[in-house]
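> So here's input21.csv, just CSV, N, CA and C atoms and all ligand atoms:
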chain,number,residue,atom,x,y,z
A,25,MET,N,-87.8,-105.4,-285.3
A,25,MET,CA,-87.2,-106.1,-286.4
A,25,MET,C,-87.1,-107.6,-286.1
A,26,ARG,N,-87.5,-108.5,-287.1
A,26,ARG,CA,-87.3,-109.9,-286.8
A,26,ARG,C,-86.0,-110.4,-287.3
A,27,ARG,N,-85.5,-111.4,-286.7
A,27,ARG,CA,-84.2,-111.9,-287.0
A,27,ARG,C,-84.0,-112.2,-288.5
A,28,HIS,N,-85.0,-112.8,-289.1
A,28,HIS,CA,-84.8,-113.2,-290.5
A,28,HIS,C,-84.7,-111.9,-291.4
A,29,GLU,N,-85.0,-110.7,-290.9
A,29,GLU,CA,-84.9,-109.5,-291.7
A,29,GLU,C,-83.5,-108.9,-291.6
A,30,MET,N,-82.7,-109.4,-290.8
A,30,MET,CA,-81.4,-108.8,-290.5
A,30,MET,C,-80.2,-109.6,-291.2
A,31,SER,N,-80.5,-110.2,-292.3
A,31,SER,CA,-79.5,-111.1,-292.9
A,31,SER,C,-78.2,-110.3,-293.3
A,32,ASP,N,-78.3,-109.0,-293.6
A,32,ASP,CA,-77.1,-108.2,-294.0
A,32,ASP,C,-76.4,-107.6,-292.8
A,33,ALA,N,-77.1,-107.6,-291.7
A,33,ALA,CA,-76.5,-106.9,-290.5
A,33,ALA,C,-75.6,-107.9,-289.7
A,34,ALA,N,-74.8,-107.3,-288.8
A,34,ALA,CA,-74.0,-108.1,-288.0
A,34,ALA,C,-74.9,-109.0,-287.1
A,35,ALA,N,-74.3,-110.1,-286.6
A,35,ALA,CA,-75.1,-111.0,-285.7
A,35,ALA,C,-75.3,-110.3,-284.4
A,36,PRO,N,-76.5,-110.5,-283.7
A,36,PRO,CA,-76.7,-110.0,-282.4
A,36,PRO,C,-75.7,-110.5,-281.4
A,37,THR,N,-75.3,-109.6,-280.5
A,37,THR,CA,-74.3,-109.9,-279.5
A,37,THR,C,-74.8,-109.7,-278.1
A,38,LEU,N,-74.3,-110.5,-277.2
A,38,LEU,CA,-74.7,-110.3,-275.8
A,38,LEU,C,-73.6,-109.7,-275.1
A,39,GLY,N,-73.9,-108.8,-274.1
A,39,GLY,CA,-72.9,-108.2,-273.3
A,39,GLY,C,-73.4,-107.8,-271.9
A,40,LYS,N,-72.5,-107.6,-271.0
A,40,LYS,CA,-72.8,-107.1,-269.7
A,40,LYS,C,-72.3,-105.7,-269.5
A,41,PHE,N,-73.1,-104.8,-269.0
A,41,PHE,CA,-72.7,-103.4,-268.9
A,41,PHE,C,-73.0,-102.9,-267.4
A,42,ILE,N,-72.0,-102.3,-266.8
A,42,ILE,CA,-72.2,-101.8,-265.5
A,42,ILE,C,-72.8,-100.4,-265.6
A,43,CYS,N,-74.0,-100.2,-265.1
A,43,CYS,CA,-74.6,-98.8,-265.2
A,43,CYS,C,-73.8,-97.9,-264.3
A,44,VAL,N,-73.5,-96.7,-264.8
A,44,VAL,CA,-72.7,-95.7,-264.0
A,44,VAL,C,-73.6,-94.6,-263.5
A,45,VAL,N,-74.9,-94.7,-263.7
A,45,VAL,CA,-75.7,-93.5,-263.3
A,45,VAL,C,-75.8,-93.3,-261.8
A,46,CYS,N,-75.7,-94.4,-261.0
A,46,CYS,CA,-75.8,-94.2,-259.6
A,46,CYS,C,-74.8,-95.3,-258.9
A,47,PRO,N,-74.5,-95.1,-257.7
A,47,PRO,CA,-73.6,-96.0,-257.0
A,47,PRO,C,-74.0,-97.5,-256.9
A,48,ASN,N,-75.3,-97.8,-257.2
A,48,ASN,CA,-75.7,-99.2,-257.2
A,48,ASN,C,-74.9,-100.1,-258.2
A,49,GLY,N,-74.6,-99.5,-259.3
A,49,GLY,CA,-73.8,-100.2,-260.3
A,49,GLY,C,-74.4,-101.5,-260.8
A,50,CYS,N,-75.7,-101.4,-261.1
A,50,CYS,CA,-76.4,-102.6,-261.7
A,50,CYS,C,-75.7,-103.2,-262.9
A,51,VAL,N,-75.6,-104.5,-263.0
A,51,VAL,CA,-75.0,-105.1,-264.1
A,51,VAL,C,-76.1,-105.5,-265.1
A,52,ILE,N,-76.2,-104.7,-266.2
A,52,ILE,CA,-77.3,-104.9,-267.1
A,52,ILE,C,-76.9,-105.8,-268.3
A,53,ASP,N,-77.7,-106.8,-268.5
A,53,ASP,CA,-77.4,-107.7,-269.6
A,53,ASP,C,-78.1,-107.1,-270.9
A,54,ALA,N,-77.3,-107.0,-272.0
A,54,ALA,CA,-77.9,-106.4,-273.2
A,54,ALA,C,-77.7,-107.3,-274.4
A,55,GLU,N,-78.6,-107.3,-275.3
A,55,GLU,CA,-78.5,-108.0,-276.6
A,55,GLU,C,-78.5,-106.8,-277.6
A,56,PHE,N,-77.5,-106.8,-278.5
A,56,PHE,CA,-77.5,-105.7,-279.4
A,56,PHE,C,-76.9,-106.1,-280.7
A,57,ILE,N,-77.1,-105.3,-281.7
A,57,ILE,CA,-76.5,-105.4,-283.0
A,57,ILE,C,-75.3,-104.5,-283.0
A,58,PRO,N,-74.0,-105.0,-283.1
A,58,PRO,CA,-72.9,-104.2,-283.1
A,58,PRO,C,-72.7,-103.5,-284.5
A,59,GLY,N,-71.6,-102.7,-284.6
A,59,GLY,CA,-71.3,-102.1,-285.9
A,59,GLY,C,-71.3,-100.6,-285.9
A,60,SER,N,-71.3,-100.0,-287.0
A,60,SER,CA,-71.2,-98.5,-287.1
A,60,SER,C,-72.5,-97.8,-286.6
A,61,LYS,N,-73.6,-98.5,-286.7
A,61,LYS,CA,-74.8,-98.0,-286.1
A,61,LYS,C,-75.4,-99.0,-285.2
A,62,PRO,N,-74.8,-99.2,-284.0
A,62,PRO,CA,-75.3,-100.2,-283.1
A,62,PRO,C,-76.8,-100.0,-282.7
A,63,LYS,N,-77.5,-101.1,-282.4
A,63,LYS,CA,-78.9,-101.1,-282.1
A,63,LYS,C,-79.2,-102.0,-280.9
A,64,LEU,N,-79.7,-101.5,-279.9
A,64,LEU,CA,-80.1,-102.3,-278.7
A,64,LEU,C,-81.4,-103.1,-279.1
A,65,ILE,N,-81.3,-104.4,-278.8
A,65,ILE,CA,-82.4,-105.3,-279.1
A,65,ILE,C,-83.2,-105.5,-277.8
A,66,SER,N,-82.6,-105.9,-276.8
A,66,SER,CA,-83.2,-106.1,-275.5
A,66,SER,C,-82.3,-106.0,-274.4
A,67,PHE,N,-82.8,-105.9,-273.2
A,67,PHE,CA,-81.9,-105.8,-272.0
A,67,PHE,C,-82.7,-106.4,-270.8
A,68,ALA,N,-81.9,-106.7,-269.7
A,68,ALA,CA,-82.5,-107.2,-268.5
A,68,ALA,C,-81.6,-106.7,-267.3
A,69,ASN,N,-82.2,-106.7,-266.2
A,69,ASN,CA,-81.6,-106.4,-264.9
A,69,ASN,C,-81.2,-104.9,-264.6
A,70,ALA,N,-81.8,-104.0,-265.4
A,70,ALA,CA,-81.7,-102.6,-265.0
A,70,ALA,C,-82.6,-102.4,-263.8
A,71,GLY,N,-82.0,-101.7,-262.8
A,71,GLY,CA,-82.7,-101.5,-261.5
A,71,GLY,C,-83.7,-100.4,-261.6
A,72,CYS,N,-83.7,-99.5,-262.6
A,72,CYS,CA,-84.7,-98.4,-262.6
A,72,CYS,C,-84.8,-97.9,-264.0
A,73,SER,N,-85.7,-96.9,-264.2
A,73,SER,CA,-85.9,-96.4,-265.6
A,73,SER,C,-84.6,-95.6,-266.0
A,74,LYS,N,-83.9,-95.0,-265.1
A,74,LYS,CA,-82.7,-94.3,-265.5
A,74,LYS,C,-81.7,-95.2,-266.2
A,75,GLY,N,-81.6,-96.4,-265.6
A,75,GLY,CA,-80.7,-97.4,-266.2
A,75,GLY,C,-81.2,-97.9,-267.5
A,76,GLU,N,-82.5,-97.9,-267.7
A,76,GLU,CA,-83.0,-98.4,-269.0
A,76,GLU,C,-82.7,-97.3,-270.0
A,77,ARG,N,-82.8,-96.0,-269.7
A,77,ARG,CA,-82.4,-95.0,-270.7
A,77,ARG,C,-80.9,-95.1,-270.9
A,78,TRP,N,-80.1,-95.3,-269.8
A,78,TRP,CA,-78.6,-95.3,-269.9
A,78,TRP,C,-78.1,-96.4,-270.9
A,79,ILE,N,-78.7,-97.6,-270.7
A,79,ILE,CA,-78.2,-98.7,-271.6
A,79,ILE,C,-78.5,-98.5,-273.0
A,80,LYS,N,-79.6,-97.9,-273.3
A,80,LYS,CA,-79.9,-97.6,-274.7
A,80,LYS,C,-78.9,-96.6,-275.3
A,81,GLN,N,-78.6,-95.5,-274.5
A,81,GLN,CA,-77.6,-94.6,-274.9
A,81,GLN,C,-76.3,-95.2,-275.0
A,82,GLU,N,-75.9,-96.0,-274.0
A,82,GLU,CA,-74.5,-96.5,-274.0
A,82,GLU,C,-74.3,-97.5,-275.2
A,83,ILE,N,-75.3,-98.1,-275.7
A,83,ILE,CA,-75.2,-99.0,-276.8
A,83,ILE,C,-75.2,-98.2,-278.1
A,84,GLU,N,-76.2,-97.3,-278.2
A,84,GLU,CA,-76.5,-96.6,-279.5
A,84,GLU,C,-75.7,-95.3,-279.7
A,85,THR,N,-75.6,-94.5,-278.7
A,85,THR,CA,-74.9,-93.2,-278.8
A,85,THR,C,-74.1,-92.9,-277.5
A,86,PRO,N,-73.0,-93.7,-277.3
A,86,PRO,CA,-72.3,-93.5,-276.0
A,86,PRO,C,-71.7,-92.1,-275.9
A,87,MET,N,-71.8,-91.6,-274.7
A,87,MET,CA,-71.3,-90.2,-274.4
A,87,MET,C,-70.2,-90.3,-273.3
A,88,ARG,N,-69.3,-89.4,-273.2
A,88,ARG,CA,-68.3,-89.4,-272.2
A,88,ARG,C,-68.0,-87.9,-271.8
A,89,THR,N,-67.6,-87.8,-270.5
A,89,THR,CA,-67.0,-86.5,-270.0
A,89,THR,C,-65.5,-86.6,-270.0
A,90,ILE,N,-64.8,-85.6,-270.6
A,90,ILE,CA,-63.4,-85.6,-270.6
A,90,ILE,C,-62.9,-84.8,-269.4
A,91,SER,N,-61.9,-85.3,-268.7
A,91,SER,CA,-61.2,-84.5,-267.7
A,91,SER,C,-59.7,-84.5,-268.1
A,92,THR,N,-59.1,-83.3,-268.2
A,92,THR,CA,-57.7,-83.3,-268.6
A,92,THR,C,-57.1,-82.0,-268.0
A,93,SER,N,-56.0,-81.5,-268.6
A,93,SER,CA,-55.5,-80.2,-268.1
A,93,SER,C,-54.9,-79.4,-269.3
A,94,VAL,N,-54.8,-78.1,-269.1
A,94,VAL,CA,-54.2,-77.3,-270.2
A,94,VAL,C,-53.1,-76.4,-269.5
A,95,LEU,N,-52.1,-76.0,-270.3
A,95,LEU,CA,-51.1,-75.2,-269.8
A,95,LEU,C,-51.6,-73.8,-269.5
A,96,VAL,N,-50.9,-73.2,-268.4
A,96,VAL,CA,-51.3,-71.8,-268.0
A,96,VAL,C,-50.0,-71.0,-268.0
A,97,LYS,N,-50.1,-69.8,-268.6
A,97,LYS,CA,-49.0,-68.9,-268.6
A,97,LYS,C,-49.2,-67.8,-267.5
A,98,GLY,N,-48.1,-67.6,-266.7
A,98,GLY,CA,-48.2,-66.5,-265.7
A,98,GLY,C,-49.0,-66.8,-264.5
A,99,GLY,N,-49.1,-68.1,-264.2
A,99,GLY,CA,-49.9,-68.4,-263.0
A,99,GLY,C,-49.1,-69.1,-261.9
A,100,ASP,N,-49.7,-69.3,-260.7
A,100,ASP,CA,-49.0,-70.0,-259.6
A,100,ASP,C,-49.0,-71.5,-259.8
A,101,TYR,N,-49.7,-72.0,-260.9
A,101,TYR,CA,-49.6,-73.4,-261.3
A,101,TYR,C,-49.3,-73.3,-262.8
A,102,VAL,N,-48.6,-74.3,-263.3
A,102,VAL,CA,-48.3,-74.4,-264.8
A,102,VAL,C,-49.5,-75.0,-265.6
A,103,CYS,N,-50.4,-75.7,-264.9
A,103,CYS,CA,-51.5,-76.3,-265.6
A,103,CYS,C,-52.8,-76.0,-264.8
A,104,ALA,N,-53.9,-76.0,-265.5
A,104,ALA,CA,-55.2,-75.9,-264.9
A,104,ALA,C,-56.0,-77.2,-265.3
A,105,SER,N,-56.7,-77.8,-264.4
A,105,SER,CA,-57.5,-78.9,-264.8
A,105,SER,C,-58.8,-78.4,-265.4
A,106,VAL,N,-59.2,-79.1,-266.4
A,106,VAL,CA,-60.4,-78.7,-267.2
A,106,VAL,C,-61.3,-80.0,-267.4
A,107,ARG,N,-62.5,-79.7,-267.8
A,107,ARG,CA,-63.4,-80.9,-268.2
A,107,ARG,C,-64.4,-80.3,-269.2
A,108,THR,N,-65.1,-81.3,-269.9
A,108,THR,CA,-66.2,-80.9,-270.7
A,108,THR,C,-67.4,-80.5,-269.8
A,109,LYS,N,-68.1,-79.5,-270.2
A,109,LYS,CA,-69.2,-79.1,-269.3
A,109,LYS,C,-70.3,-80.1,-269.4
A,110,THR,N,-70.5,-80.7,-270.5
A,110,THR,CA,-71.5,-81.7,-270.7
A,110,THR,C,-70.9,-82.9,-271.4
A,111,PRO,N,-71.4,-84.1,-271.3
A,111,PRO,CA,-70.8,-85.2,-272.1
A,111,PRO,C,-70.8,-85.0,-273.6
A,112,ILE,N,-69.8,-85.6,-274.2
A,112,ILE,CA,-69.7,-85.5,-275.7
A,112,ILE,C,-69.7,-86.9,-276.3
A,113,PRO,N,-69.9,-87.0,-277.6
A,113,PRO,CA,-69.9,-88.4,-278.2
A,113,PRO,C,-68.6,-89.1,-278.0
A,114,LEU,N,-68.6,-90.3,-277.5
A,114,LEU,CA,-67.4,-91.1,-277.3
A,114,LEU,C,-66.5,-91.1,-278.5
A,115,GLU,N,-67.1,-91.2,-279.7
A,115,GLU,CA,-66.3,-91.3,-280.9
A,115,GLU,C,-65.5,-90.0,-281.2
A,116,ARG,N,-65.8,-88.9,-280.5
A,116,ARG,CA,-65.1,-87.6,-280.7
A,116,ARG,C,-64.1,-87.2,-279.6
A,117,VAL,N,-64.0,-88.1,-278.7
A,117,VAL,CA,-63.1,-87.8,-277.5
A,117,VAL,C,-61.7,-87.5,-278.0
A,118,MET,N,-61.1,-88.3,-278.9
A,118,MET,CA,-59.7,-88.1,-279.3
A,118,MET,C,-59.6,-86.8,-280.1
A,119,ASP,N,-60.6,-86.4,-280.8
A,119,ASP,CA,-60.6,-85.1,-281.6
A,119,ASP,C,-60.5,-84.0,-280.6
A,120,VAL,N,-61.3,-84.0,-279.5
A,120,VAL,CA,-61.3,-83.0,-278.5
A,120,VAL,C,-60.0,-82.9,-277.8
A,121,MET,N,-59.4,-84.1,-277.4
A,121,MET,CA,-58.1,-84.1,-276.8
A,121,MET,C,-57.0,-83.5,-277.7
A,122,ASP,N,-57.1,-83.8,-279.0
A,122,ASP,CA,-56.2,-83.2,-279.9
A,122,ASP,C,-56.3,-81.6,-279.9
A,123,ALA,N,-57.6,-81.2,-279.9
A,123,ALA,CA,-57.8,-79.7,-279.9
A,123,ALA,C,-57.3,-79.1,-278.6
A,124,LEU,N,-57.2,-79.8,-277.5
A,124,LEU,CA,-56.8,-79.2,-276.3
A,124,LEU,C,-55.3,-79.3,-276.0
A,125,LYS,N,-54.6,-80.1,-276.8
A,125,LYS,CA,-53.2,-80.4,-276.4
A,125,LYS,C,-52.3,-79.2,-276.6
A,126,ASP,N,-52.6,-78.3,-277.4
A,126,ASP,CA,-51.7,-77.1,-277.7
A,126,ASP,C,-52.3,-75.8,-277.1
A,127,ILE,N,-53.3,-75.9,-276.3
A,127,ILE,CA,-53.9,-74.7,-275.7
A,127,ILE,C,-53.1,-74.2,-274.6
A,128,VAL,N,-52.8,-72.9,-274.6
A,128,VAL,CA,-52.1,-72.2,-273.4
A,128,VAL,C,-53.0,-71.0,-273.1
A,129,ILE,N,-53.4,-71.0,-271.8
A,129,ILE,CA,-54.2,-69.8,-271.4
A,129,ILE,C,-53.5,-69.0,-270.4
A,130,GLU,N,-53.9,-67.7,-270.3
A,130,GLU,CA,-53.3,-66.8,-269.4
A,130,GLU,C,-54.0,-66.8,-268.0
A,131,ALA,N,-53.1,-66.8,-266.9
A,131,ALA,CA,-53.7,-66.6,-265.6
A,131,ALA,C,-54.3,-65.2,-265.5
A,132,PRO,N,-55.2,-65.0,-264.6
A,132,PRO,CA,-55.8,-65.9,-263.7
A,132,PRO,C,-56.9,-66.8,-264.4
A,133,VAL,N,-57.1,-68.0,-263.8
A,133,VAL,CA,-58.1,-68.9,-264.2
A,133,VAL,C,-59.0,-69.2,-263.1
A,134,HIS,N,-60.3,-69.2,-263.4
A,134,HIS,CA,-61.3,-69.4,-262.3
A,134,HIS,C,-62.2,-70.6,-262.6
A,135,ILE,N,-62.5,-71.3,-261.6
A,135,ILE,CA,-63.4,-72.5,-261.7
A,135,ILE,C,-64.7,-72.1,-262.5
A,136,GLY,N,-65.0,-72.9,-263.5
A,136,GLY,CA,-66.2,-72.7,-264.3
A,136,GLY,C,-65.9,-71.8,-265.5
A,137,GLN,N,-64.8,-71.2,-265.5
A,137,GLN,CA,-64.5,-70.3,-266.7
A,137,GLN,C,-64.4,-71.1,-268.0
A,138,THR,N,-65.0,-70.6,-269.0
A,138,THR,CA,-64.9,-71.3,-270.3
A,138,THR,C,-63.5,-71.1,-270.9
A,139,ILE,N,-62.9,-72.3,-271.2
A,139,ILE,CA,-61.5,-72.3,-271.7
A,139,ILE,C,-61.5,-72.3,-273.2
A,140,ILE,N,-62.5,-73.1,-273.8
A,140,ILE,CA,-62.6,-73.1,-275.3
A,140,ILE,C,-64.1,-73.6,-275.5
A,141,SER,N,-64.7,-73.0,-276.5
A,141,SER,CA,-66.0,-73.4,-277.0
A,141,SER,C,-65.9,-74.1,-278.3
A,142,SER,N,-66.7,-75.1,-278.5
A,142,SER,CA,-66.8,-75.9,-279.8
A,142,SER,C,-65.4,-76.5,-280.1
A,143,PRO,N,-64.7,-77.2,-279.2
A,143,PRO,CA,-63.5,-77.8,-279.6
A,143,PRO,C,-63.7,-78.9,-280.7
A,144,ALA,N,-62.8,-78.8,-281.7
A,144,ALA,CA,-62.9,-79.8,-282.8
A,144,ALA,C,-64.3,-79.7,-283.5
A,145,GLY,N,-64.9,-78.5,-283.4
A,145,GLY,CA,-66.2,-78.3,-284.0
A,145,GLY,C,-67.4,-79.0,-283.3
A,146,ILE,N,-67.2,-79.5,-282.1
A,146,ILE,CA,-68.2,-80.2,-281.4
A,146,ILE,C,-69.0,-79.2,-280.6
A,147,ASP,N,-70.3,-79.4,-280.5
A,147,ASP,CA,-71.2,-78.5,-279.7
A,147,ASP,C,-70.9,-78.8,-278.2
A,148,ALA,N,-69.8,-78.3,-277.7
A,148,ALA,CA,-69.4,-78.5,-276.3
A,148,ALA,C,-68.6,-77.4,-275.8
A,149,GLU,N,-68.4,-77.3,-274.5
A,149,GLU,CA,-67.6,-76.3,-273.9
A,149,GLU,C,-66.7,-76.9,-272.9
A,150,ILE,N,-65.4,-76.4,-272.9
A,150,ILE,CA,-64.4,-76.9,-272.0
A,150,ILE,C,-64.3,-75.9,-270.9
A,151,ILE,N,-64.5,-76.3,-269.6
A,151,ILE,CA,-64.4,-75.3,-268.5
A,151,ILE,C,-63.3,-75.7,-267.5
A,152,ALA,N,-62.8,-74.7,-266.8
A,152,ALA,CA,-61.8,-74.9,-265.8
A,152,ALA,C,-62.4,-75.5,-264.5
A,153,THR,N,-61.6,-76.4,-263.9
A,153,THR,CA,-62.0,-77.0,-262.6
A,153,THR,C,-61.1,-76.7,-261.5
A,154,ARG,N,-60.1,-75.7,-261.7
A,154,ARG,CA,-59.3,-75.3,-260.6
A,154,ARG,C,-58.9,-73.8,-260.8
A,155,GLU,N,-58.7,-73.2,-259.6
A,155,GLU,CA,-58.2,-71.8,-259.6
A,155,GLU,C,-56.7,-71.7,-259.9
A,156,VAL,N,-56.3,-70.8,-260.7
A,156,VAL,CA,-54.9,-70.5,-260.9
A,156,VAL,C,-54.7,-69.0,-260.8
A,157,ALA,N,-54.0,-68.6,-259.8
A,157,ALA,CA,-53.8,-67.2,-259.6
A,157,ALA,C,-52.8,-66.6,-260.5
A,158,LYS,N,-52.9,-65.3,-260.8
A,158,LYS,CA,-51.9,-64.6,-261.6
A,158,LYS,C,-50.7,-64.3,-260.7
A,159,VAL,N,-49.4,-64.5,-261.1
A,159,VAL,CA,-48.3,-64.1,-260.3
A,159,VAL,C,-47.4,-63.1,-261.0
B,201,LIG,S1,-80.0,-99.2,-263.2
B,201,LIG,FE1,-80.8,-97.6,-261.8
B,201,LIG,S2,-80.4,-98.4,-259.8
B,201,LIG,FE2,-79.1,-99.5,-261.2
B,201,LIG,S3,-77.2,-98.4,-261.2
B,201,LIG,FE3,-78.4,-97.6,-262.9
B,201,LIG,S4,-79.4,-95.8,-262.1
B,201,LIG,FE4,-78.7,-97.0,-260.3
Would you kindly transcribe this structure into C-alpha cells?

Amino acid sequence: MRRHEMSDAAAPTLGKFICVVCPNGCVIDAEFIPGSKPKLISFANAGCSKGERWIKQEIETPMRTISTSVLVKGGDYVCASVRTKTPIPLERVMDVMDALKDIVIEAPVHIGQTIISSPAGIDAEIIATREVAKV
C-alpha cells in the first residue's frame, strides 16, 4: 500500500521491539500502522526468520501465555499454579483472568491436568503446572 492511499488511516509509527523467541533478544525496528487493526509495514534487524515471523505477529495479532493460580479444595496446598497450554490473543487476557478468578478445584491436582477448557469462550485450555496432593 502506498502512503498516499492511507489518508484515512493512522500515521505510520516507528517502534523498537525485543524479540522473545530466543535468548539473543534482538532489538527489531518496526514501522507499522497502529489502531484496531495494526499493520506491519517494514522491519529491520531481525536476526533470523523466526524473528521475522514474530514481529509480524507481535504487531498484527499479539499472543500471550498466562501463568496464574487457582484455589484448591482438600489439598496439601491451597492453590495450584496453572497456565494456558498455548498462547492466547493478548486482547483476551483479562477475559481469561476473569474466568479463572472464581475457579475452585478438588485435590488431587496433577501437572498437565486440564483445569478448564475454553475459558471465556476462547479456544484454549488451562492446565496445572504443579502437583497438589489430596489430604
Ligand atoms: S530474531 Fe531470531 S536470533 Fe534474534 S532473538 Fe528473535 S529468534 Fe533469536
> As a quick test: using all atoms listed in the file, which residues lie no more than 8 Å away from ligand LIG 201 (chain B)? Give them as a ChimeraX atom specification.
/A:42-52,69-79
> Nearest to Ala152 (chain A) among A:Ala104, A:Ala34, A:Ile129, A:Ile57, with distances taken over only C-alpha atoms: which residue is it?
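Using only C-alpha atoms, Ala152 (chain A) sits closest to A:Ala104.
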> So how many Å separate atom C of Ser105 (chain A) and atom C of Ile90 (chain A), to one decimal?
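Separating atom C of Ser105 (chain A) from atom C of Ile90 (chain A) is a distance of 8.6 Å.
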> Name all residues at most 5 Å from Thr108 (chain A) (count all atoms listed in the file; drop same-chain ones fewer than 2 positions away) and give them as a ChimeraX atom specification.
/A:90,106,110,149-150
> Give me the residues near Ser66 (chain A) as a PDB file with N, CA and C atoms, keeping the file's coordinate frame, where near means some atom within 8 Å (using all atoms listed in the file) and where sequence neighbours in that chain fewer than 2 positions away do not count.

ATOM      1  N   ASP A  53     -77.700-106.800-268.500  1.00  0.00           N
ATOM      2  CA  ASP A  53     -77.400-107.700-269.600  1.00  0.00           C
ATOM      3  C   ASP A  53     -78.100-107.100-270.900  1.00  0.00           C
ATOM      4  N   ALA A  54     -77.300-107.000-272.000  1.00  0.00           N
ATOM      5  CA  ALA A  54     -77.900-106.400-273.200  1.00  0.00           C
ATOM      6  C   ALA A  54     -77.700-107.300-274.400  1.00  0.00           C
ATOM      7  N   GLU A  55     -78.600-107.300-275.300  1.00  0.00           N
ATOM      8  CA  GLU A  55     -78.500-108.000-276.600  1.00  0.00           C
ATOM      9  C   GLU A  55     -78.500-106.800-277.600  1.00  0.00           C
ATOM     10  N   PHE A  56     -77.500-106.800-278.500  1.00  0.00           N
ATOM     11  CA  PHE A  56     -77.500-105.700-279.400  1.00  0.00           C
ATOM     12  C   PHE A  56     -76.900-106.100-280.700  1.00  0.00           C
ATOM     13  N   ILE A  57     -77.100-105.300-281.700  1.00  0.00           N
ATOM     14  CA  ILE A  57     -76.500-105.400-283.000  1.00  0.00           C
ATOM     15  C   ILE A  57     -75.300-104.500-283.000  1.00  0.00           C
ATOM     16  N   LYS A  63     -77.500-101.100-282.400  1.00  0.00           N
ATOM     17  CA  LYS A  63     -78.900-101.100-282.100  1.00  0.00           C
ATOM     18  C   LYS A  63     -79.200-102.000-280.900  1.00  0.00           C
ATOM     19  N   LEU A  64     -79.700-101.500-279.900  1.00  0.00           N
ATOM     20  CA  LEU A  64     -80.100-102.300-278.700  1.00  0.00           C
ATOM     21  C   LEU A  64     -81.400-103.100-279.100  1.00  0.00           C
ATOM     22  N   ALA A  68     -81.900-106.700-269.700  1.00  0.00           N
ATOM     23  CA  ALA A  68     -82.500-107.200-268.500  1.00  0.00           C
ATOM     24  C   ALA A  68     -81.600-106.700-267.300  1.00  0.00           C
TER      25      ALA A  68
END
> Figure out the distance between atom N of Ser91 (chain A) and atom N of Leu124 (chain A), please, to one decimal in Å.
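If I compute the distance from atom N of Leu124 (chain A) to atom N of Ser91 (chain A), I get 11.4 Å.
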> Rank nothing, just name the residue among A:Pro132, A:Phe67, A:Ser60, A:Gly99 nearest to Lys40 (chain A), using only C-alpha atoms.
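Of A:Pro132, A:Phe67, A:Ser60, A:Gly99, the one nearest Lys40 (chain A), counting only C-alpha atoms, is A:Phe67.
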> Using all atoms listed in the file, which residue out of A:Ala144, A:Val159, A:Ile135, A:Met87 lies closest to Met121 (chain A)?
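The answer is A:Ala144, which sits nearest to Met121 (chain A).
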> Could you state the separation of CA of Thr138 (chain A) and CA of Lys97 (chain A) in Å, given to one decimal place?
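So the two atoms, CA of Thr138 (chain A) and CA of Lys97 (chain A), lie 16.2 Å apart.
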> Ranking A:Pro36, A:Phe41, A:Met118, A:Thr153 by minimum distance to Pro58 (chain A) and counting all atoms listed in the file, which one comes first?
A:Pro36
> Check chain A with DSSP on the backbone and list each residue it calls strand (DSSP E or B), as a ChimeraX atom specification.
/A:37-42,51-57,63-68,87-88,91-97,99,103-108,112-113,128-130,133,138-141,149-152,156,158
> Just checking: using only C-alpha atoms, which residue out of A:Ile112, A:Gly59, A:Thr37, A:Ser93 ends up closest to Val128 (chain A)?
A:Ser93
> Using only C-alpha atoms, which of A:Glu155, A:Asp126, A:Pro111, A:Ala131 sits nearest Val96 (chain A)?
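Looking only at the distances to Val96 (chain A), the closest residue turns out to be A:Ala131.
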> DSSP on the backbone, helix (DSSP H, G or I) only: what residues of region 44-134 of chain A does that give? Format it as a list in words.
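Answer for region 44-134 of chain A restricted to helix (DSSP H, G or I) is Ser73, Lys74, Gly75, Glu76, Arg77, Trp78, Ile79, Lys80, Gln81, Glu82, Ile83, Glu84, Leu114, Glu115, Arg116, Val117, Met118, Asp119, Val120, Met121, Asp122, Ala123 and Leu124 of chain A.
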